[in-house]
file target_39.cif (mmCIF, C-alpha atoms and all ligand atoms)
data_upload
loop_
_atom_site.label_atom_id
_atom_site.label_comp_id
_atom_site.auth_asym_id
_atom_site.auth_seq_id
_atom_site.Cartn_x
_atom_site.Cartn_y
_atom_site.Cartn_z
CA MET A 17 53.33 -15.95 243.05
CA VAL A 18 52.82 -18.33 240.11
CA THR A 19 50.10 -20.93 240.71
CA GLN A 20 50.92 -24.31 239.22
CA ILE A 21 48.27 -26.95 238.43
CA ILE A 22 49.46 -30.56 238.41
CA THR A 23 47.22 -33.34 237.19
CA ALA A 24 47.00 -35.91 239.96
CA TYR A 25 44.70 -38.50 238.38
CA ASN A 26 45.81 -42.12 238.81
CA ASN A 27 47.59 -41.16 242.05
CA SER A 28 50.52 -39.68 240.15
CA PRO A 29 53.34 -40.08 242.72
CA SER A 30 55.20 -36.94 241.62
CA ALA A 31 52.14 -34.72 242.11
CA VAL A 32 51.57 -36.05 245.62
CA THR A 33 55.29 -35.76 246.48
CA ALA A 34 55.38 -32.12 245.31
CA ALA A 35 52.29 -31.31 247.37
CA ALA A 36 53.61 -33.02 250.51
CA ALA A 37 56.97 -31.20 250.21
CA LEU A 38 55.21 -27.82 250.01
CA LEU A 39 52.98 -28.68 252.99
CA ARG A 40 56.00 -29.75 255.06
CA ALA A 41 57.70 -26.46 254.12
CA GLY A 42 54.78 -24.45 255.55
CA GLU A 43 53.08 -23.59 252.23
CA CYS A 44 49.45 -23.95 251.09
CA VAL A 45 48.27 -26.53 248.55
CA ALA A 46 44.79 -26.92 247.03
CA PHE A 47 43.72 -30.56 246.72
CA PRO A 48 40.67 -32.57 245.69
CA THR A 49 38.38 -34.34 248.15
CA GLU A 50 35.09 -36.15 247.60
CA THR A 51 33.19 -33.09 248.90
CA VAL A 52 34.86 -29.91 247.49
CA TYR A 53 38.47 -28.81 246.86
CA GLY A 54 40.34 -27.98 250.07
CA LEU A 55 43.08 -25.41 250.69
CA GLY A 56 45.51 -27.22 252.96
CA ALA A 57 48.41 -26.25 255.21
CA ASN A 58 50.26 -27.84 258.15
CA GLY A 59 47.62 -27.78 260.90
CA LEU A 60 50.23 -27.68 263.66
CA ASP A 61 52.06 -24.63 262.24
CA GLU A 62 50.40 -21.27 263.02
CA GLY A 63 52.32 -19.44 260.30
CA ALA A 64 51.28 -21.96 257.63
CA VAL A 65 47.63 -21.81 258.75
CA ALA A 66 47.72 -17.99 258.64
CA LYS A 67 48.50 -18.28 254.90
CA ILE A 68 45.17 -20.08 254.36
CA PHE A 69 43.24 -17.22 255.96
CA ALA A 70 45.21 -14.66 253.89
CA ALA A 71 44.76 -16.49 250.54
CA LYS A 72 40.99 -16.89 251.04
CA GLY A 73 40.29 -13.59 252.77
CA ARG A 74 38.64 -15.74 255.48
CA PRO A 75 37.48 -14.01 258.70
CA ASN A 76 39.79 -15.20 261.50
CA ASP A 77 36.85 -16.09 263.77
CA ASN A 78 35.91 -18.99 261.44
CA PRO A 79 37.75 -22.19 262.51
CA LEU A 80 39.21 -24.84 260.18
CA ILE A 81 38.77 -28.60 259.85
CA LEU A 82 41.88 -30.76 260.38
CA HIS A 83 42.17 -33.56 257.81
CA ILE A 84 43.68 -36.88 258.92
CA HIS A 85 44.41 -40.20 257.19
CA ASP A 86 44.57 -42.47 260.25
CA PHE A 87 42.15 -42.66 263.21
CA ALA A 88 45.15 -42.81 265.58
CA GLN A 89 45.82 -39.12 264.74
CA ALA A 90 42.53 -38.23 266.47
CA GLU A 91 44.09 -39.38 269.77
CA GLN A 92 46.74 -36.67 269.41
CA LEU A 93 44.31 -33.92 268.38
CA TRP A 94 41.38 -34.48 270.76
CA THR A 95 41.72 -34.68 274.56
CA ASP A 96 40.22 -38.17 274.45
CA ILE A 97 38.02 -40.12 272.05
CA PRO A 98 34.32 -40.30 272.84
CA GLU A 99 32.61 -43.64 272.16
CA THR A 100 30.31 -41.97 269.61
CA ALA A 101 33.37 -40.84 267.60
CA LYS A 102 34.64 -44.41 267.44
CA GLN A 103 31.24 -45.71 266.31
CA LEU A 104 30.78 -43.01 263.66
CA ALA A 105 34.35 -43.22 262.34
CA ALA A 106 34.03 -47.00 262.00
CA VAL A 107 31.03 -46.54 259.71
CA PHE A 108 31.67 -43.22 257.91
CA TRP A 109 35.48 -42.59 257.76
CA PRO A 110 36.99 -42.07 255.33
CA GLY A 111 33.97 -40.03 254.25
CA PRO A 112 32.11 -36.70 254.28
CA LEU A 113 31.52 -36.46 258.06
CA THR A 114 33.36 -33.91 260.24
CA LEU A 115 33.34 -34.51 264.01
CA ILE A 116 33.92 -31.82 266.63
CA TYR A 117 35.28 -32.52 270.11
CA THR A 118 37.55 -30.93 272.77
CA ALA A 119 40.98 -30.02 271.33
CA ALA A 120 44.28 -31.31 272.71
CA PRO A 121 46.85 -28.63 273.68
CA CYS A 122 48.91 -29.20 270.49
CA VAL A 123 46.16 -27.73 268.26
CA PRO A 124 47.03 -24.07 267.58
CA ALA A 125 44.44 -21.42 268.53
CA ILE A 126 44.33 -20.11 264.94
CA VAL A 127 42.96 -23.48 263.70
CA ARG A 128 40.24 -23.45 266.39
CA ALA A 129 39.55 -19.69 266.11
CA ASN A 130 40.17 -19.71 269.87
CA LEU A 131 37.39 -22.21 270.59
CA PRO A 132 38.20 -25.06 273.01
CA THR A 133 37.17 -27.59 270.32
CA VAL A 134 38.59 -28.87 267.02
CA ALA A 135 36.92 -30.37 263.94
CA LEU A 136 38.41 -33.55 262.38
CA ARG A 137 37.67 -35.41 259.14
CA MET A 138 39.17 -38.22 257.07
CA PRO A 139 38.44 -37.50 253.39
CA ASP A 140 37.38 -40.30 251.05
CA ASN A 141 39.58 -39.42 248.07
CA GLU A 142 42.67 -41.40 247.06
CA ILE A 143 44.71 -38.33 246.05
CA ALA A 144 43.91 -36.56 249.32
CA LEU A 145 44.72 -39.65 251.40
CA HIS A 146 48.04 -40.22 249.58
CA MET A 147 48.95 -36.57 250.10
CA LEU A 148 48.03 -36.70 253.82
CA ARG A 149 50.06 -39.89 254.27
CA ALA A 150 53.07 -38.42 252.44
CA ALA A 151 52.92 -35.17 254.44
CA GLY A 152 52.55 -37.10 257.71
CA LEU A 153 50.75 -34.16 259.31
CA PRO A 154 47.20 -33.18 260.19
CA ILE A 155 46.28 -30.76 257.39
CA ALA A 156 44.04 -27.79 258.16
CA ALA A 157 41.82 -27.19 255.15
CA PRO A 158 38.73 -25.10 254.50
CA SER A 159 37.18 -25.00 251.02
CA ALA A 160 39.64 -23.61 248.42
CA ASN A 161 37.53 -20.63 247.34
CA SER A 162 37.63 -16.90 248.09
CA SER A 163 35.70 -16.47 251.32
CA GLY A 164 31.97 -16.04 250.63
CA SER A 165 31.93 -17.40 247.07
CA PRO A 166 30.53 -20.85 246.17
CA SER A 167 32.86 -23.71 247.17
CA PRO A 168 35.06 -25.08 244.33
CA THR A 169 34.22 -28.48 242.86
CA SER A 170 36.93 -28.45 240.15
CA ALA A 171 40.56 -27.33 239.84
CA ALA A 172 39.38 -24.63 237.40
CA HIS A 173 37.12 -23.16 240.12
CA VAL A 174 40.12 -22.99 242.48
CA MET A 175 42.20 -21.30 239.78
CA ASP A 176 39.41 -18.72 239.19
CA ASP A 177 39.51 -17.71 242.87
CA LEU A 178 43.11 -18.24 244.03
CA ASN A 179 45.35 -17.79 240.95
CA GLY A 180 48.53 -16.01 242.09
CA ARG A 181 47.74 -16.55 245.79
CA ILE A 182 48.89 -20.16 246.28
CA PRO A 183 51.80 -22.16 244.77
CA LEU A 184 50.03 -25.42 243.80
CA ILE A 185 46.67 -26.95 242.87
CA LEU A 186 46.42 -30.74 242.57
CA ASP A 187 43.86 -31.45 239.85
CA GLY A 188 41.88 -34.57 240.69
CA GLY A 189 38.89 -33.87 238.44
CA ALA A 190 35.37 -33.01 239.59
CA CYS A 191 34.37 -33.66 243.23
CA HIS A 192 31.62 -36.29 243.12
CA ILE A 193 29.67 -35.12 246.18
CA GLY A 194 30.03 -31.44 245.39
CA ILE A 195 28.97 -29.89 248.73
CA GLU A 196 30.93 -29.64 251.99
CA SER A 197 30.98 -32.32 254.70
CA THR A 198 28.32 -32.91 257.31
CA ILE A 199 29.45 -31.35 260.63
CA LEU A 200 28.43 -32.99 263.93
CA SER A 201 29.42 -31.69 267.35
CA LEU A 202 30.09 -34.41 269.93
CA CYS A 203 30.39 -31.80 272.71
CA THR A 204 26.66 -31.86 273.46
CA ALA A 205 24.43 -34.71 274.68
CA PRO A 206 22.93 -35.74 272.33
CA PRO A 207 25.37 -34.64 269.58
CA THR A 208 24.27 -31.66 267.43
CA LEU A 209 24.17 -31.43 263.63
CA LEU A 210 25.81 -28.08 262.78
CA ARG A 211 25.94 -28.43 258.99
CA PRO A 212 24.04 -31.01 256.91
CA GLY A 213 25.85 -32.90 254.15
CA ALA A 214 25.96 -36.18 252.26
CA ILE A 215 26.03 -38.18 255.51
CA THR A 216 22.46 -37.44 256.51
CA ARG A 217 20.84 -37.01 259.90
CA GLU A 218 19.01 -40.30 259.27
CA MET A 219 22.30 -42.14 258.53
CA ILE A 220 23.93 -40.79 261.72
CA GLU A 221 20.88 -41.60 263.86
CA ALA A 222 20.94 -45.20 262.58
CA VAL A 223 24.39 -45.52 264.24
CA ILE A 224 24.23 -43.47 267.47
CA GLY A 225 20.51 -42.75 268.04
CA GLU A 226 18.73 -39.40 268.04
CA ILE A 227 20.77 -36.22 267.51
CA GLY A 228 19.90 -32.54 267.89
CA LEU A 229 19.64 -30.11 264.96
CA SER A 230 21.17 -26.65 265.07
CA PRO A 231 18.33 -24.11 264.71
CA ALA A 232 20.29 -22.28 261.99
CA LEU A 233 20.20 -25.02 259.32
CA LEU A 234 17.33 -23.63 257.26
CA SER A 235 16.87 -20.15 258.69
CA PRO A 236 19.12 -17.18 259.44
CA LEU A 237 20.48 -16.65 262.95
CA GLN A 238 18.03 -14.59 264.96
CA GLN A 239 19.19 -11.29 266.39
CA GLY A 240 21.31 -11.83 269.48
CA GLU A 241 21.52 -15.62 268.85
CA THR A 242 25.04 -17.08 269.23
CA PRO A 243 26.03 -19.35 266.34
CA GLN A 244 26.87 -22.95 267.38
CA SER A 245 29.33 -22.99 264.49
CA PRO A 246 31.03 -19.68 263.65
CA GLY A 247 30.56 -20.40 259.92
CA GLN A 248 26.80 -20.00 260.39
CA LYS A 249 27.09 -16.25 260.78
CA HIS A 250 29.07 -15.61 257.61
CA ARG A 251 27.56 -15.11 254.13
CA HIS A 252 28.12 -18.23 252.04
CA TYR A 253 27.86 -19.46 248.48
CA ALA A 254 26.94 -16.02 247.09
CA PRO A 255 26.87 -15.97 243.29
CA ASN A 256 27.11 -12.73 241.28
CA CYS A 257 23.33 -12.46 240.96
CA LYS A 258 20.24 -12.29 243.15
CA VAL A 259 18.83 -15.70 244.09
CA LYS A 260 15.23 -16.50 245.01
CA VAL A 261 13.98 -19.91 246.19
CA ILE A 262 10.40 -21.09 245.58
CA SER A 263 9.19 -24.09 247.60
CA GLY A 264 5.95 -26.06 247.69
CA GLU A 265 4.04 -28.52 245.56
CA PRO A 266 6.19 -29.05 242.40
CA SER A 267 3.71 -27.90 239.73
CA ALA A 268 2.79 -24.80 241.79
CA VAL A 269 6.52 -24.08 242.14
CA ALA A 270 6.99 -24.23 238.35
CA ALA A 271 3.97 -21.96 237.78
CA ARG A 272 5.24 -19.35 240.27
CA ILE A 273 8.76 -19.47 238.82
CA CYS A 274 7.35 -18.89 235.30
CA GLU A 275 5.31 -15.95 236.64
CA LEU A 276 8.35 -14.37 238.33
CA TYR A 277 10.45 -14.99 235.19
CA GLU A 278 7.90 -13.17 232.98
CA GLN A 279 7.29 -10.31 235.42
CA SER A 280 10.79 -9.52 236.63
CA GLY A 281 12.03 -7.46 233.67
CA GLN A 282 15.52 -8.76 234.51
CA ARG A 283 17.77 -11.36 232.90
CA CYS A 284 16.53 -14.51 234.65
CA HIS A 285 17.81 -18.07 234.78
CA ILE A 286 16.05 -21.07 236.32
CA ALA A 287 17.70 -23.88 238.33
CA ALA A 288 15.28 -26.63 237.36
CA THR A 289 14.58 -30.12 238.60
CA ALA A 290 14.20 -32.72 235.85
CA GLU A 291 10.54 -33.24 236.76
CA ASN A 292 9.69 -29.56 236.22
CA ALA A 293 12.03 -28.81 233.29
CA PRO A 294 9.27 -29.26 230.62
CA HIS A 295 7.44 -26.25 232.17
CA TYR A 296 10.41 -24.00 231.32
CA THR A 297 10.63 -24.64 227.56
CA GLY A 298 11.61 -21.40 225.79
CA LYS A 299 13.15 -19.91 228.95
CA GLN A 300 16.78 -19.90 230.13
CA TYR A 301 17.22 -22.83 232.50
CA THR A 302 19.67 -25.49 233.69
CA THR A 303 18.49 -28.91 234.87
CA LEU A 304 20.38 -29.91 238.03
CA GLY A 305 18.88 -33.40 238.38
CA SER A 306 15.84 -35.20 239.73
CA ARG A 307 13.93 -34.21 242.87
CA GLY A 308 14.06 -37.88 243.77
CA ASN A 309 17.87 -37.76 243.91
CA PRO A 310 19.04 -34.74 245.94
CA ALA A 311 22.65 -36.04 245.80
CA THR A 312 22.74 -35.18 242.09
CA LEU A 313 21.25 -31.72 242.75
CA CYS A 314 24.03 -31.17 245.32
CA ALA A 315 26.77 -32.39 242.94
CA ASN A 316 25.74 -29.85 240.28
CA LEU A 317 24.83 -26.91 242.53
CA PHE A 318 28.09 -24.99 242.97
CA SER A 319 29.04 -25.17 239.25
CA LEU A 320 25.70 -23.56 238.44
CA LEU A 321 26.09 -20.86 241.11
CA ARG A 322 29.52 -20.01 239.67
CA ALA A 323 28.39 -20.07 236.04
CA ALA A 324 25.05 -18.26 236.46
CA ASP A 325 25.15 -15.34 234.05
CA CYS A 326 21.93 -13.51 234.90
CA ASP A 327 20.48 -10.89 237.25
CA LEU A 328 18.03 -13.21 239.01
CA LEU A 329 18.45 -16.96 239.56
CA LEU A 330 15.14 -18.67 240.35
CA MET A 331 15.63 -21.94 242.23
CA GLU A 332 13.19 -24.71 243.08
CA GLY A 333 12.95 -25.77 246.71
CA ILE A 334 12.75 -29.50 247.48
CA ASP A 335 11.74 -31.73 250.39
CA THR A 336 14.22 -31.49 253.31
CA SER A 337 14.39 -35.18 254.25
CA GLY A 338 17.63 -37.14 253.64
CA ALA A 339 20.16 -35.29 251.46
CA GLY A 340 17.43 -32.72 250.70
CA LEU A 341 18.34 -31.00 254.00
CA ALA A 342 21.92 -30.35 252.83
CA TYR A 343 20.70 -29.11 249.44
CA MET A 344 18.19 -26.67 250.94
CA ASN A 345 20.76 -25.47 253.52
CA ARG A 346 23.12 -24.39 250.68
CA VAL A 347 20.36 -23.04 248.40
CA LEU A 348 18.76 -20.89 251.12
CA ARG A 349 22.17 -19.51 252.16
CA ALA A 350 23.04 -18.74 248.52
CA ALA A 351 19.75 -16.80 248.39
CA GLY A 352 20.48 -14.94 251.63
CA PHE A 353 17.29 -16.74 252.86
CA ASP A 354 15.10 -15.06 250.22
CA GLY A 355 12.55 -17.86 249.99
CA GLU A 356 8.83 -18.07 249.19
CA ARG A 357 6.31 -20.90 249.74
CA VAL A 358 3.50 -21.46 247.27
P1 LIG A 401 34.82 -24.99 255.45
O1 LIG A 401 35.90 -26.00 255.63
O2 LIG A 401 35.21 -23.81 254.62
O3 LIG A 401 33.59 -25.66 254.97
O4 LIG A 401 34.51 -24.43 256.88
C1 LIG A 401 34.54 -25.23 258.02
C2 LIG A 401 33.26 -25.11 258.79
O5 LIG A 401 33.43 -25.85 259.99
C3 LIG A 401 32.93 -23.69 259.18
O6 LIG A 401 31.54 -23.46 259.00
C4 LIG A 401 33.29 -23.63 260.65
O7 LIG A 401 32.54 -22.69 261.36
C5 LIG A 401 33.03 -25.08 261.11
N1 LIG A 401 33.91 -25.45 262.25
C6 LIG A 401 35.21 -25.78 262.19
N2 LIG A 401 35.70 -26.02 263.41
C7 LIG A 401 34.68 -25.84 264.28
C8 LIG A 401 34.55 -25.92 265.70
N3 LIG A 401 35.60 -26.22 266.48
N4 LIG A 401 33.34 -25.66 266.25
C9 LIG A 401 32.28 -25.35 265.47
N5 LIG A 401 32.33 -25.24 264.11
C10 LIG A 401 33.51 -25.48 263.52
MG MG A 402 34.08 -22.91 253.02
#
call {"tool": "encode", "arguments": {"input": "target_39.cif", "output": "C-alpha cells", "more": "lines below"}}
Ligand code: AMP
Ligand code: MG
result
Amino acid sequence: MVTQIITAYNNSPSAVTAAAALLRAGECVAFPTETVYGLGANGLDEGAVAKIFAAKGRPNDNPLILHIHDFAQAEQLWTDIPETAKQLAAVFWPGPLTLIYTAAPCVPAIVRANLPTVALRMPDNEIALHMLRAAGLPIAAPSANSSGSPSPTSAAHVMDDLNGRIPLILDGGACHIGIESTILSLCTAPPTLLRPGAITREMIEAVIGEIGLSPALLSPLQQGETPQSPGQKHRHYAPNCKVKVISGEPSAVAARICELYEQSGQRCHIAATAENAPHYTGKQYTTLGSRGNPATLCANLFSLLRAADCDLLLMEGIDTSGAGLAYMNRVLRAAGFDGERV
C-alpha cells in the first residue's frame, strides 16, 4: 500500500474530504489532534477497527477511544449520560480529556476490547473536528504509532512507523500538547484518573470535587494486580536505548546525572531541564524546557525519545503536581520504571 501525506493546514477542504471518504469506506486515516496523531477508522465498523489493530500491531486486549465532534453523539454511545460527564464536557470539550462510561449496545466489542465500557473524547483541533464532522461517524483512534513506540507528534513520526500500512496521513503540523489525553473513568464513585494528561487532577477536581487516582500512575502494576485500564499493562513509549530517571533536589539530580554519564562507559545523552542545563556543558544533552513549565517538557518529550541516538538516556525527574504528574507518568514508563532518588 502507498501511504499518501496531504497537508491539511488552513483546513484545506480537499484534504478533509479525502480523509472522510476513506473513513466512510472502512479505511484507516492518520490525523492530527492537539495531543498526538491518531490513527482513525469508523468506530461502528468492526472490520475497519480491525485494520487499526493490524497496522499498529496493537494487542487486541487494549481498547480504543471513540472521537466525537458533538456532545449529542455521546447519547448514542453511552447507555446514559452521567451528570459528571455533562459538567466536565461543558468545561473541557473539545479538549484533551477522555471520559469512560458504560457502552451502548451499538459499540462493537473490538473497540471496547470486550469491556462493558467505552472511552469518548472530543479533540480540540480544527482539522480533526472538520474531518469528524465530514465523516459523520464516531471515529475510533489510538495513537498513530507502532504499538509500544513513543506516540507520534508530527506527520513525519507517523510516516516513520506506518509507511506502507495505511493509505493516508493528514499533516497538520506539530501537536501542541504532545502527550496523550487525560483518561478519567466515570464508572466509579468518585471517578478514577486512569491516565494523567494536560487536563490535570487539580483542574478536574475544581469542577467535580475529589477524584481517585489509579495506583499504577507512577509505579508498575504489582504482581497479580488487575489493571484498571488495559493500557497500563503494556510497555509504552520505549525508545531504542536504555532510559534512567533521576529524581530529587535539582542540583543533586544534575550531580548524579553527571556522575552516571562519566561512569557509564556508554554513549549517553541527557534530557535536561533549562534550570540544570548549565551543569551539562561539554556533554551531549537536549533541553526540553523549564521545570516550572511541565507542559513544555511534555510537548518536547516524544520527539526526543524518537530522536535519541545513544545507549543510555539520562532523564531528570520533576515534581508530580499539576502537569508534572503526566510528564513523570510517561518518563517512568519510557524507562520501564528504572528510577533513582537522590
Ligand atoms: P491510546 O489511544 O493509544 O492512547 O490508548 C487508549 C488508552 O485508553 C489505552 O491505555 C486504553 O487502555 C485506554 N482505554 C480505552 N478504552 C478504555 C476503557 N473502556 N476502559 C479503560 N481504559 C480504556
Ligand atoms: Mg497509544
call {"tool": "atom_distance", "arguments": {"input": "target_39.cif", "atom1": "CA of Ala120 in chain A", "atom2": "atom N1 of ligand LIG 401 (chain A)"}}
result
15.9 Å
call {"tool": "residues_near_point", "arguments": {"input": "target_39.cif", "point": "(45.2, -19.0, 252.2)", "cutoff": "9 Å", "atoms": "all atoms listed in the file", "output": "VMD selection string"}}
result
chain A and resid 44 to 45 55 to 57 64 to 74 160 162 178 181 to 182
call {"tool": "residues_near_ligand", "arguments": {"input": "target_39.cif", "ligand": "ligand MG 402 (chain A)", "cutoff": "10 Å", "atoms": "only C-alpha atoms and all ligand atoms", "output": "list in words"}}
result
Val52, Tyr53, Gly54, Leu55, Lys72, Arg74, Asn78, Leu80, Ala157, Pro158, Ser159, Ala160, Asn161, Ser162, Ser163, Gly164, Ser165, Pro166, Ser167, Pro168, Ile195, Glu196, Gly247, His250, His252 and Tyr253 of chain A
call {"tool": "atom_distance", "arguments": {"input": "target_39.cif", "atom1": "CA of Gln103 in chain A", "atom2": "CA of Leu313 in chain A"}}
result
29.2 Å
call {"tool": "residues_around", "arguments": {"input": "target_39.cif", "residues": "range 212-224 of chain A", "least_positions_apart": "2", "cutoff": "6 Å", "atoms": "all atoms listed in the file", "output": "ChimeraX atom specification"}}
result
/A:197-198,226,338-339,342
call {"tool": "residues_around", "arguments": {"input": "target_39.cif", "residues": "Arg322 in chain A", "least_positions_apart": "2", "cutoff": "8 Å", "atoms": "all atoms listed in the file", "output": "NGL selection string"}}
result
:A and (166 or 255-256 or 318-320 or 324)
call {"tool": "closest_residue", "arguments": {"input": "target_39.cif", "among": "A:Ala268, A:Ala254, A:Leu202, A:Ala323", "to": "ligand LIG 401 (chain A)", "atoms": "only C-alpha atoms and all ligand atoms"}}
result
A:Leu202
call {"tool": "closest_residue", "arguments": {"input": "target_39.cif", "among": "A:Pro121, A:Pro139, A:Pro183, A:Gly42", "to": "Asp86 in chain A", "atoms": "all atoms listed in the file"}}
result
A:Pro139
call {"tool": "closest_residue", "arguments": {"input": "target_39.cif", "among": "A:Gly111, A:Pro98, A:Pro246, A:Pro231", "to": "ligand LIG 401 (chain A)", "atoms": "only C-alpha atoms and all ligand atoms"}}
result
A:Pro246
call {"tool": "closest_residue", "arguments": {"input": "target_39.cif", "among": "A:Gln89, A:Ser30, A:Asn345, A:Thr302", "to": "Leu153 in chain A", "atoms": "all atoms listed in the file"}}
result
A:Gln89
call {"tool": "atom_distance", "arguments": {"input": "target_39.cif", "atom1": "CA of Ala135 in chain A", "atom2": "CA of Ile199 in chain A"}}
result
8.2 Å
call {"tool": "build_atoms", "arguments": {"input": "target_39.cif", "residues": "range 238-246 of chain A", "atoms": "all heavy atoms", "output": "compact mmCIF listing (two decimals), in the frame of the given file"}}
result
# COMPACT_ATOMS: atom_id res chain seq x y z
N GLN A 238 18.87 -15.68 264.47
CA GLN A 238 18.03 -14.59 264.96
C GLN A 238 18.91 -13.56 265.65
O GLN A 238 20.02 -13.87 266.06
CB GLN A 238 16.97 -15.13 265.92
CG GLN A 238 16.09 -16.21 265.32
CD GLN A 238 15.44 -15.78 264.01
OE1 GLN A 238 14.81 -14.72 263.94
NE2 GLN A 238 15.64 -16.55 262.94
N GLN A 239 18.39 -12.33 265.76
CA GLN A 239 19.19 -11.29 266.39
C GLN A 239 19.56 -11.66 267.81
O GLN A 239 18.71 -12.13 268.57
CB GLN A 239 18.42 -9.97 266.38
CG GLN A 239 19.28 -8.90 265.77
CD GLN A 239 18.58 -7.55 265.73
OE1 GLN A 239 17.44 -7.42 266.15
NE2 GLN A 239 19.29 -6.57 265.25
N GLY A 240 20.84 -11.52 268.14
CA GLY A 240 21.31 -11.83 269.48
C GLY A 240 21.62 -13.31 269.69
O GLY A 240 22.17 -13.69 270.71
N GLU A 241 21.27 -14.18 268.72
CA GLU A 241 21.52 -15.62 268.85
C GLU A 241 23.00 -15.90 268.57
O GLU A 241 23.57 -15.37 267.62
CB GLU A 241 20.65 -16.37 267.84
CG GLU A 241 20.61 -17.87 268.06
CD GLU A 241 19.70 -18.55 267.01
OE1 GLU A 241 18.98 -17.85 266.29
OE2 GLU A 241 19.75 -19.77 266.93
N THR A 242 23.63 -16.73 269.43
CA THR A 242 25.04 -17.08 269.23
C THR A 242 25.13 -18.27 268.30
O THR A 242 24.45 -19.28 268.52
CB THR A 242 25.69 -17.47 270.58
OG1 THR A 242 25.32 -16.49 271.53
CG2 THR A 242 27.21 -17.55 270.46
N PRO A 243 25.94 -18.19 267.24
CA PRO A 243 26.03 -19.35 266.34
C PRO A 243 26.71 -20.52 267.03
O PRO A 243 27.68 -20.34 267.76
CB PRO A 243 26.89 -18.83 265.19
CG PRO A 243 27.65 -17.66 265.74
CD PRO A 243 26.81 -17.09 266.84
N GLN A 244 26.21 -21.76 266.81
CA GLN A 244 26.87 -22.95 267.38
C GLN A 244 28.12 -23.27 266.59
O GLN A 244 29.02 -23.92 267.08
CB GLN A 244 25.90 -24.13 267.36
CG GLN A 244 24.79 -23.97 268.38
CD GLN A 244 23.76 -25.06 268.21
OE1 GLN A 244 23.11 -25.16 267.17
NE2 GLN A 244 23.60 -25.89 269.21
N SER A 245 28.14 -22.85 265.32
CA SER A 245 29.33 -22.99 264.49
C SER A 245 29.58 -21.61 263.91
O SER A 245 28.68 -21.02 263.32
CB SER A 245 29.05 -23.99 263.39
OG SER A 245 30.19 -24.17 262.59
N PRO A 246 30.80 -21.06 264.10
CA PRO A 246 31.03 -19.68 263.65
C PRO A 246 30.68 -19.47 262.18
O PRO A 246 30.23 -18.39 261.80
CB PRO A 246 32.52 -19.48 263.89
CG PRO A 246 32.85 -20.44 264.99
CD PRO A 246 31.97 -21.63 264.77
